[in-house]
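S.K.: Just one file: my_file-v8.txt, with compact mmCIF, C-alpha atoms.
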```txt
# COMPACT_ATOMS: atom_id res chain seq x y z
CA MET Z 1 250.15 194.04 22.55
CA PRO Z 2 251.63 197.04 20.74
CA ALA Z 3 251.05 200.36 22.39
CA GLN Z 4 247.76 201.93 21.40
CA GLY Z 5 248.36 204.37 18.56
CA GLY Z 6 252.11 203.68 18.61
CA PRO Z 7 254.16 202.33 15.72
CA ALA Z 8 254.20 198.62 15.16
CA GLY Z 9 257.55 197.16 16.10
CA PRO Z 10 259.58 194.55 14.19
CA ALA Z 11 258.06 191.70 16.23
CA ASP Z 12 254.52 192.85 15.42
CA THR Z 13 255.33 193.26 11.74
CA ALA Z 14 256.98 189.84 11.61
CA GLU Z 15 254.01 188.21 13.34
CA ALA Z 16 251.54 189.82 10.95
CA ALA Z 17 253.60 188.87 7.91
CA ALA Z 18 253.76 185.29 9.16
CA LEU Z 19 250.00 185.21 9.74
CA LEU Z 20 249.32 186.53 6.23
CA GLU Z 21 251.68 183.98 4.71
CA GLN Z 22 250.11 181.18 6.72
CA THR Z 23 246.66 182.34 5.64
CA ARG Z 24 247.63 182.22 1.99
CA ALA Z 25 248.91 178.67 2.44
CA LEU Z 26 245.65 177.57 4.09
CA VAL Z 27 243.12 179.52 2.01
CA ASP Z 28 244.62 179.55 -1.51
CA PRO Z 29 243.84 175.86 -2.20
CA GLU Z 30 240.20 176.49 -1.20
CA LEU Z 31 240.06 179.59 -3.41
CA ARG Z 32 241.63 177.85 -6.39
CA ALA Z 33 239.27 174.90 -6.10
CA ALA Z 34 236.23 177.17 -5.83
CA ILE Z 35 237.23 179.37 -8.76
CA GLY Z 36 238.13 176.29 -10.76
CA SER Z 37 234.46 175.26 -10.58
CA LEU Z 38 233.32 178.37 -12.48
CA PRO Z 39 232.40 178.28 -16.19
CA GLY Z 40 235.41 178.82 -18.50
CA PRO Z 41 235.02 182.50 -19.53
CA VAL Z 42 234.22 183.65 -15.99
CA ARG Z 43 236.97 181.46 -14.54
CA ARG Z 44 239.49 183.05 -16.91
CA VAL Z 45 238.69 186.59 -15.71
CA ALA Z 46 238.73 185.53 -12.05
CA ARG Z 47 242.05 183.73 -12.36
CA TYR Z 48 243.56 186.78 -14.07
CA HIS Z 49 242.21 189.06 -11.35
CA PHE Z 50 243.76 186.88 -8.63
CA GLY Z 51 247.12 186.98 -10.40
CA TRP Z 52 247.19 183.29 -11.28
CA GLU Z 53 247.00 183.68 -15.07
CA GLN Z 54 247.98 186.05 -17.83
CA PRO Z 55 245.21 187.42 -20.07
CA ASP Z 56 245.92 184.65 -22.59
CA GLY Z 57 245.45 181.97 -19.93
CA SER Z 58 249.12 181.14 -19.43
CA PRO Z 59 250.30 180.75 -15.81
CA ALA Z 60 251.33 183.81 -13.83
CA ALA Z 61 252.69 184.42 -10.36
CA GLY Z 62 251.54 187.96 -9.76
CA PRO Z 63 250.55 189.45 -6.40
CA ALA Z 64 247.12 188.30 -5.22
CA GLY Z 65 246.56 190.87 -2.46
CA LYS Z 66 247.39 190.92 1.24
CA ALA Z 67 244.86 188.23 2.35
CA LEU Z 68 243.99 190.51 5.28
CA ARG Z 69 240.31 189.60 5.53
CA PRO Z 70 240.73 185.82 5.54
CA ALA Z 71 243.62 186.27 7.99
CA LEU Z 72 241.25 188.14 10.31
CA VAL Z 73 238.72 185.29 10.07
CA LEU Z 74 241.36 182.74 11.06
CA ALA Z 75 242.96 184.93 13.74
CA ALA Z 76 239.57 185.64 15.34
CA ALA Z 77 238.68 181.94 15.34
CA ASP Z 78 242.07 181.14 16.87
CA ALA Z 79 241.78 183.87 19.52
CA LEU Z 80 238.42 182.56 20.74
CA GLY Z 81 238.69 178.85 20.03
CA GLY Z 82 242.29 177.85 19.39
CA THR Z 83 243.79 175.95 16.46
CA PRO Z 84 240.83 173.58 15.92
CA ALA Z 85 238.49 176.54 15.47
CA ARG Z 86 240.96 178.23 13.13
CA ASP Z 87 241.31 175.15 10.96
CA SER Z 88 237.52 174.70 10.76
CA ALA Z 89 237.13 178.27 9.48
CA VAL Z 90 239.29 177.99 6.33
CA ARG Z 91 236.30 177.67 4.00
CA ALA Z 92 234.63 180.65 5.66
CA ALA Z 93 237.85 182.64 5.28
CA ALA Z 94 237.87 181.83 1.57
CA ALA Z 95 234.25 183.00 1.30
CA VAL Z 96 235.13 186.36 2.86
CA GLU Z 97 238.05 186.75 0.44
CA LEU Z 98 235.77 185.99 -2.52
CA VAL Z 99 233.37 188.72 -1.42
CA HIS Z 100 236.25 191.16 -1.05
CA ASN Z 101 237.39 190.45 -4.59
CA PHE Z 102 233.84 190.77 -5.89
CA THR Z 103 233.89 194.34 -4.54
CA LEU Z 104 237.28 195.04 -6.13
CA LEU Z 105 236.15 193.90 -9.58
CA HIS Z 106 233.04 196.08 -9.39
CA ASP Z 107 234.79 199.07 -7.82
CA ASP Z 108 237.39 199.12 -10.59
CA VAL Z 109 234.64 199.29 -13.20
CA MET Z 110 232.75 202.06 -11.40
CA ASP Z 111 235.86 204.08 -10.61
CA ARG Z 112 237.42 203.42 -14.04
CA ASP Z 113 240.66 202.40 -12.34
CA VAL Z 114 242.99 200.93 -14.95
CA THR Z 115 245.64 199.52 -12.60
CA ARG Z 116 245.49 197.22 -9.59
CA ARG Z 117 248.36 195.27 -8.00
CA HIS Z 118 250.80 196.62 -10.60
CA LYS Z 119 248.85 195.30 -13.61
CA PRO Z 120 245.83 196.32 -15.72
CA THR Z 121 242.48 195.80 -14.03
CA ALA Z 122 240.16 193.05 -15.24
CA TRP Z 123 237.72 195.40 -16.96
CA ALA Z 124 240.61 197.13 -18.78
CA VAL Z 125 241.66 193.73 -20.19
CA PHE Z 126 238.37 191.88 -20.68
CA GLY Z 127 235.80 194.69 -20.78
CA ASP Z 128 233.15 195.92 -18.34
CA ALA Z 129 230.65 193.11 -18.84
CA ASP Z 130 233.12 190.28 -18.22
CA ALA Z 131 234.55 191.97 -15.11
CA ILE Z 132 231.09 192.62 -13.65
CA LEU Z 133 229.96 189.06 -14.33
CA ALA Z 134 233.13 187.67 -12.76
CA GLY Z 135 232.45 189.76 -9.66
CA ASP Z 136 228.86 188.50 -9.52
CA ALA Z 137 230.12 184.93 -9.78
CA LEU Z 138 232.59 185.42 -6.90
CA GLN Z 139 229.84 186.71 -4.63
CA ALA Z 140 227.60 183.74 -5.47
CA LEU Z 141 230.53 181.38 -5.01
CA ALA Z 142 231.19 182.79 -1.52
CA LEU Z 143 227.66 182.03 -0.37
CA LYS Z 144 227.80 178.61 -2.03
CA LEU Z 145 230.93 177.75 -0.02
CA LEU Z 146 229.14 178.58 3.21
CA ALA Z 147 225.92 176.84 2.18
CA GLU Z 148 227.87 173.63 1.57
CA ASP Z 149 229.96 173.90 4.74
CA PRO Z 150 228.81 171.35 7.36
CA HIS Z 151 230.09 173.50 10.23
CA PRO Z 152 227.24 174.45 12.63
CA ALA Z 153 228.09 178.16 12.33
CA SER Z 154 227.94 178.25 8.52
CA ALA Z 155 224.31 179.41 8.27
CA ALA Z 156 224.86 182.29 10.69
CA ALA Z 157 228.07 183.19 8.85
CA ALA Z 158 226.26 183.19 5.49
CA ALA Z 159 223.53 185.45 6.85
CA ARG Z 160 226.09 187.83 8.30
CA LEU Z 161 228.09 187.92 5.06
CA ALA Z 162 224.97 188.53 2.97
CA ALA Z 163 223.96 191.43 5.24
CA CYS Z 164 227.49 192.79 4.92
CA VAL Z 165 227.23 192.75 1.11
CA VAL Z 166 224.03 194.84 1.34
CA GLU Z 167 225.87 197.32 3.58
CA LEU Z 168 228.83 197.39 1.18
CA CYS Z 169 226.48 198.22 -1.70
CA ALA Z 170 224.92 201.05 0.30
CA GLY Z 171 228.36 202.43 1.07
CA GLN Z 172 229.43 202.22 -2.55
CA HIS Z 173 226.23 204.00 -3.62
CA THR Z 174 227.00 206.84 -1.20
CA ASP Z 175 230.57 206.99 -2.47
CA THR Z 176 229.55 207.34 -6.11
CA ALA Z 177 226.83 209.86 -5.22
CA LEU Z 178 229.39 212.00 -3.37
CA GLU Z 179 231.42 212.35 -6.55
CA ARG Z 180 228.49 214.17 -8.19
CA ARG Z 181 228.08 216.64 -5.34
CA SER Z 182 229.86 219.97 -5.08
CA PRO Z 183 232.91 220.23 -2.75
CA GLY Z 184 230.97 222.47 -0.38
CA ASP Z 185 228.10 220.00 -0.01
CA VAL Z 186 229.95 217.18 1.76
CA ASP Z 187 229.83 216.39 5.48
CA LEU Z 188 232.72 214.63 7.25
CA ASP Z 189 230.44 212.44 9.39
CA GLU Z 190 228.68 211.30 6.22
CA VAL Z 191 231.97 210.31 4.63
CA LEU Z 192 233.08 208.47 7.77
CA ALA Z 193 229.81 206.51 7.72
CA MET Z 194 230.39 205.70 4.05
CA ALA Z 195 233.91 204.48 4.80
CA GLU Z 196 232.62 202.26 7.61
CA ALA Z 197 230.10 200.70 5.23
CA LYS Z 198 232.58 200.25 2.37
CA THR Z 199 235.63 199.09 4.32
CA GLY Z 200 234.91 198.65 8.01
CA ALA Z 201 231.87 196.44 7.48
CA LEU Z 202 233.75 193.63 5.74
CA LEU Z 203 236.65 193.68 8.20
CA GLY Z 204 234.14 193.57 11.04
CA CYS Z 205 232.27 190.75 9.31
CA ALA Z 206 235.53 188.81 8.85
CA CYS Z 207 236.28 189.01 12.58
CA ALA Z 208 232.67 188.15 13.50
CA VAL Z 209 232.67 185.12 11.19
CA GLY Z 210 235.83 183.86 12.86
CA ALA Z 211 234.18 184.31 16.26
CA LEU Z 212 231.09 182.41 15.06
CA TYR Z 213 233.25 179.49 13.95
CA ALA Z 214 234.84 179.46 17.41
CA GLY Z 215 231.39 179.11 19.00
CA ALA Z 216 231.68 182.47 20.74
CA ALA Z 217 228.85 184.11 22.68
CA ALA Z 218 226.77 186.74 20.86
CA GLU Z 219 228.34 189.62 22.81
CA ASP Z 220 231.84 188.42 21.87
CA VAL Z 221 230.85 188.12 18.20
CA ASP Z 222 229.59 191.71 18.33
CA ALA Z 223 232.77 192.89 20.06
CA LEU Z 224 234.89 191.30 17.33
CA ASP Z 225 232.71 192.97 14.71
CA ALA Z 226 233.28 196.33 16.43
CA PHE Z 227 237.02 195.68 16.54
CA GLY Z 228 237.09 194.96 12.81
CA ARG Z 229 234.98 197.99 11.95
CA GLU Z 230 237.18 200.41 13.89
CA ALA Z 231 240.34 198.82 12.52
CA GLY Z 232 238.74 198.99 9.07
CA LEU Z 233 238.18 202.72 9.42
CA ALA Z 234 241.82 203.13 10.44
CA PHE Z 235 242.75 201.02 7.41
CA GLN Z 236 240.66 203.24 5.09
CA LEU Z 237 242.11 206.43 6.54
CA ILE Z 238 245.64 205.22 5.89
CA ASP Z 239 244.61 203.91 2.47
CA ASP Z 240 243.30 207.37 1.59
CA VAL Z 241 246.56 208.96 2.77
CA ILE Z 242 248.51 206.52 0.59
CA GLY Z 243 246.18 207.29 -2.32
CA ILE Z 244 247.38 210.91 -2.21
CA TRP Z 245 250.94 210.74 -0.88
CA GLY Z 246 251.95 207.13 -1.63
CA ASP Z 247 254.74 206.07 -3.98
CA PRO Z 248 253.24 204.71 -7.24
CA GLY Z 249 256.11 202.23 -7.43
CA ARG Z 250 254.87 200.66 -4.19
CA THR Z 251 251.10 201.18 -4.54
CA GLY Z 252 250.76 200.00 -8.15
CA LYS Z 253 248.49 202.99 -8.90
CA PRO Z 254 249.25 206.31 -10.61
CA ALA Z 255 250.23 209.22 -8.35
CA GLY Z 256 247.25 211.27 -7.23
CA ALA Z 257 244.71 208.95 -8.88
CA ASP Z 258 242.04 209.75 -6.26
CA LEU Z 259 242.61 213.48 -6.71
CA THR Z 260 242.48 213.17 -10.49
CA ALA Z 261 239.09 211.46 -10.13
CA ARG Z 262 238.02 214.20 -7.69
CA LYS Z 263 237.14 211.56 -5.09
CA LYS Z 264 235.84 212.83 -1.77
CA SER Z 265 238.29 210.77 0.27
CA LEU Z 266 238.56 211.29 4.02
CA PRO Z 267 241.67 213.55 4.01
CA VAL Z 268 240.13 215.64 1.22
CA VAL Z 269 236.82 216.15 3.02
CA ALA Z 270 238.59 216.92 6.31
CA ALA Z 271 240.57 219.54 4.41
CA LEU Z 272 237.47 220.94 2.69
CA VAL Z 273 235.63 221.51 6.00
CA SER Z 274 238.67 222.92 7.84
CA GLY Z 275 237.69 226.57 7.30
CA THR Z 276 241.22 227.45 6.19
CA THR Z 277 242.45 229.48 3.23
CA ALA Z 278 243.84 226.27 1.79
CA ALA Z 279 240.34 224.77 2.00
CA VAL Z 280 239.00 227.54 -0.21
CA ARG Z 281 241.73 226.83 -2.76
CA LEU Z 282 241.01 223.09 -2.60
CA ALA Z 283 237.30 223.70 -3.21
CA GLU Z 284 238.18 225.79 -6.26
CA LEU Z 285 240.38 223.02 -7.64
CA TYR Z 286 237.78 220.31 -6.95
CA GLY Z 287 235.03 222.41 -8.49
CA ALA Z 288 236.84 222.83 -11.81
CA PRO Z 289 237.63 220.29 -14.56
CA PHE Z 290 240.86 218.43 -13.88
CA GLU Z 291 244.04 219.65 -15.56
CA PRO Z 292 247.26 217.57 -15.56
CA ASP Z 293 249.16 220.31 -13.73
CA ASP Z 294 246.60 220.35 -10.90
CA VAL Z 295 247.83 217.27 -9.03
CA GLU Z 296 250.72 218.94 -7.24
CA CYS Z 297 248.61 221.99 -6.33
CA THR Z 298 245.79 219.79 -5.04
CA VAL Z 299 248.12 217.66 -2.91
CA LEU Z 300 249.59 220.82 -1.39
CA ALA Z 301 246.15 222.27 -0.67
CA VAL Z 302 244.97 219.10 1.11
CA GLU Z 303 248.11 219.06 3.24
CA ARG Z 304 248.02 222.77 4.09
CA ALA Z 305 244.36 222.49 5.08
CA GLY Z 306 245.28 219.77 7.57
CA GLY Z 307 243.80 216.77 5.74
CA ARG Z 308 246.85 214.57 6.13
CA ASP Z 309 247.40 215.32 9.83
CA TRP Z 310 243.71 214.81 10.61
CA ALA Z 311 243.60 211.44 8.80
CA GLN Z 312 246.66 210.13 10.63
CA GLU Z 313 245.36 211.28 14.04
CA GLU Z 314 241.91 209.84 13.33
CA ALA Z 315 243.46 206.52 12.29
CA ALA Z 316 245.31 206.33 15.64
CA ASP Z 317 242.08 207.12 17.50
CA ARG Z 318 240.18 204.43 15.61
CA MET Z 319 242.88 201.90 16.45
CA SER Z 320 242.53 202.80 20.14
CA ARG Z 321 238.79 202.15 19.89
CA ALA Z 322 239.49 198.86 18.13
CA VAL Z 323 241.80 197.76 20.97
CA CYS Z 324 239.10 198.53 23.55
CA ALA Z 325 236.50 196.51 21.62
CA LEU Z 326 238.89 193.58 21.26
CA ALA Z 327 239.69 193.59 24.98
CA ARG Z 328 236.00 193.05 25.78
CA ALA Z 329 236.01 189.68 24.01
CA VAL Z 330 239.66 188.66 24.33
CA PRO Z 331 241.10 190.18 27.52
CA GLU Z 332 244.26 188.03 27.50
CA PRO Z 333 246.97 189.86 25.48
CA GLU Z 334 248.65 186.65 24.32
CA ARG Z 335 245.41 185.43 22.69
CA ALA Z 336 244.63 188.80 21.10
CA GLY Z 337 248.12 189.29 19.69
CA GLY Z 338 247.46 187.93 16.20
CA LEU Z 339 244.40 190.11 15.59
CA LEU Z 340 246.09 193.22 16.88
CA SER Z 341 249.28 192.57 14.92
CA LEU Z 342 247.25 192.33 11.70
CA ALA Z 343 245.42 195.58 12.46
CA GLU Z 344 248.63 197.41 13.34
CA PHE Z 345 250.39 196.01 10.28
CA VAL Z 346 247.90 197.35 7.75
CA THR Z 347 247.49 200.73 9.43
CA ARG Z 348 251.26 201.32 9.49
CA ARG Z 349 251.84 200.36 5.88
CA SER Z 350 253.06 202.60 3.04
CA ALA Z 351 251.53 200.69 0.11
```
Could you spell out this file's structure in structure tokens?
M.R.:
Amino acid sequence: MPAQGGPAGPADTAEAAALLEQTRALVDPELRAAIGSLPGPVRRVARYHFGWEQPDGSPAAGPAGKALRPALVLAAADALGGTPARDSAVRAAAAVELVHNFTLLHDDVMDRDVTRRHKPTAWAVFGDADAILAGDALQALALKLLAEDPHPASAAAAARLAACVVELCAGQHTDTALERRSPGDVDLDEVLAMAEAKTGALLGCACAVGALYAGAAAEDVDALDAFGREAGLAFQLIDDVIGIWGDPGRTGKPAGADLTARKKSLPVVAALVSGTTAAVRLAELYGAPFEPDDVECTVLAVERAGGRDWAQEEAADRMSRAVCALARAVPEPERAGGLLSLAEFVTRRSA
């Protein structure tokens, strides 16, 4: 296992990259078949969103995302049940990836994000209604995959995934409500809880679903869920850091997009509640209408108020908690290596 909180080494990065590539090879055929069953107009939007088609329907080979969540499903199944359990969980992994992409389609509409994965978002190409309907269809398709899966764990997995979607919606509601509140009326614990619901819940669900397909005991399923949630919070913390300080050429999003939208991301809220002079300046900037020249000043204020340092330290702490949760269910390091490599990989990324 990598050292807790330490940088992922080349071996860990290579293992994670191999797991993600293997996941794509296993899950993509299931995804393509499922999406191919959708009605034509909805299928067109979904295939564009996944990077398989251009807006005019011609073939494309664009990036389709990291495949982190389905990789966690398969790695969890493998850790607790070996290769047979992993192979039996491919349909469940596809279902989790469909739910993830349902959230992306809806989030882009709500946040008015015009770019994802280095190309225009689905709503920016096809309009709000088509993007929302495509997202709805992906969520329904995910549950259909599980309902039709003969595996004995499919019903429990479907129930867990449905409950996760409800939690995701609650987290998204909190996130959008925070944007309407003044900078001084935001609590860090509240934002951490929102991030767990929006990001940690689905990563935890992915790990739990993999454990279910391995026939794991209830306490081991819960431990895998806790591992995914803590790793998910670390993931979100790093994602928020990248959203402010990341290179647009690598992220595929405009520089400072979250700051432009005045989002109450974790580094921003940590900076706002720091009690520093820079926090006062940040609150002034966030309380006023956005001006194009504000991005650089806002970035500087968040950094001077300690938002970046806090987010990176908190991400390391969450990864330590994730390791402890994982060890409860999978005490043997060689069996836990795939899960931990994936978690370390995404929390050490720069895009």
S.K.: Excluding Pro55 of chain Z and its own-chain neighbours fewer than 4 positions away, which residues fall within 9 Å of it when counting all atoms listed in the file? Please give them as a list in words.
M.R.: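 Residues near the query, excluding close chain neighbours: Arg44, Val45, Tyr48, Ala122, Val125 and Phe126 of chain Z.
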S.K.: Smallest atom-to-atom distance to Thr103 of chain Z: which of Z:Leu233, Z:Leu168, Z:Ala17, Z:Leu38, using all atoms listed in the file?
M.R.: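 Closest residue, counting all atoms listed in the file: Z:Leu168.
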S.K.: Which polymer residues, whether protein, DNA or RNA, lie within 6 Å of the coordinate (244.1, 225.0, 5.9) when you count all atoms listed in the file? List them as a compact mmCIF listing (two decimals) with C-alpha atoms, in the frame of the given file, using the chain letters and numbers from the file.
M.R.:
```txt
# COMPACT_ATOMS: atom_id res chain seq x y z
CA THR Z 276 241.22 227.45 6.19
CA THR Z 277 242.45 229.48 3.23
CA ALA Z 278 243.84 226.27 1.79
CA ALA Z 279 240.34 224.77 2.00
CA ARG Z 304 248.02 222.77 4.09
CA ALA Z 305 244.36 222.49 5.08
CA GLY Z 306 245.28 219.77 7.57
```
S.K.: What's the 12 Å shell around Pro267 of chain Z, counting all atoms listed in the file, without same-chain residues fewer than 4 positions away, as an MDAnalysis selection string?
M.R.: chainID Z and resid 188 191:192 195 236:245 258:259 263 271:274 279 282 298:299 301:315
S.K.: What does the structure give for the distance between atom CA of Gly51 of chain Z and atom CA of Thr13 of chain Z, in Å to one decimal?
M.R.: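 For atom CA of Gly51 of chain Z relative to atom CA of Thr13 of chain Z, the distance reads 24.4 Å.
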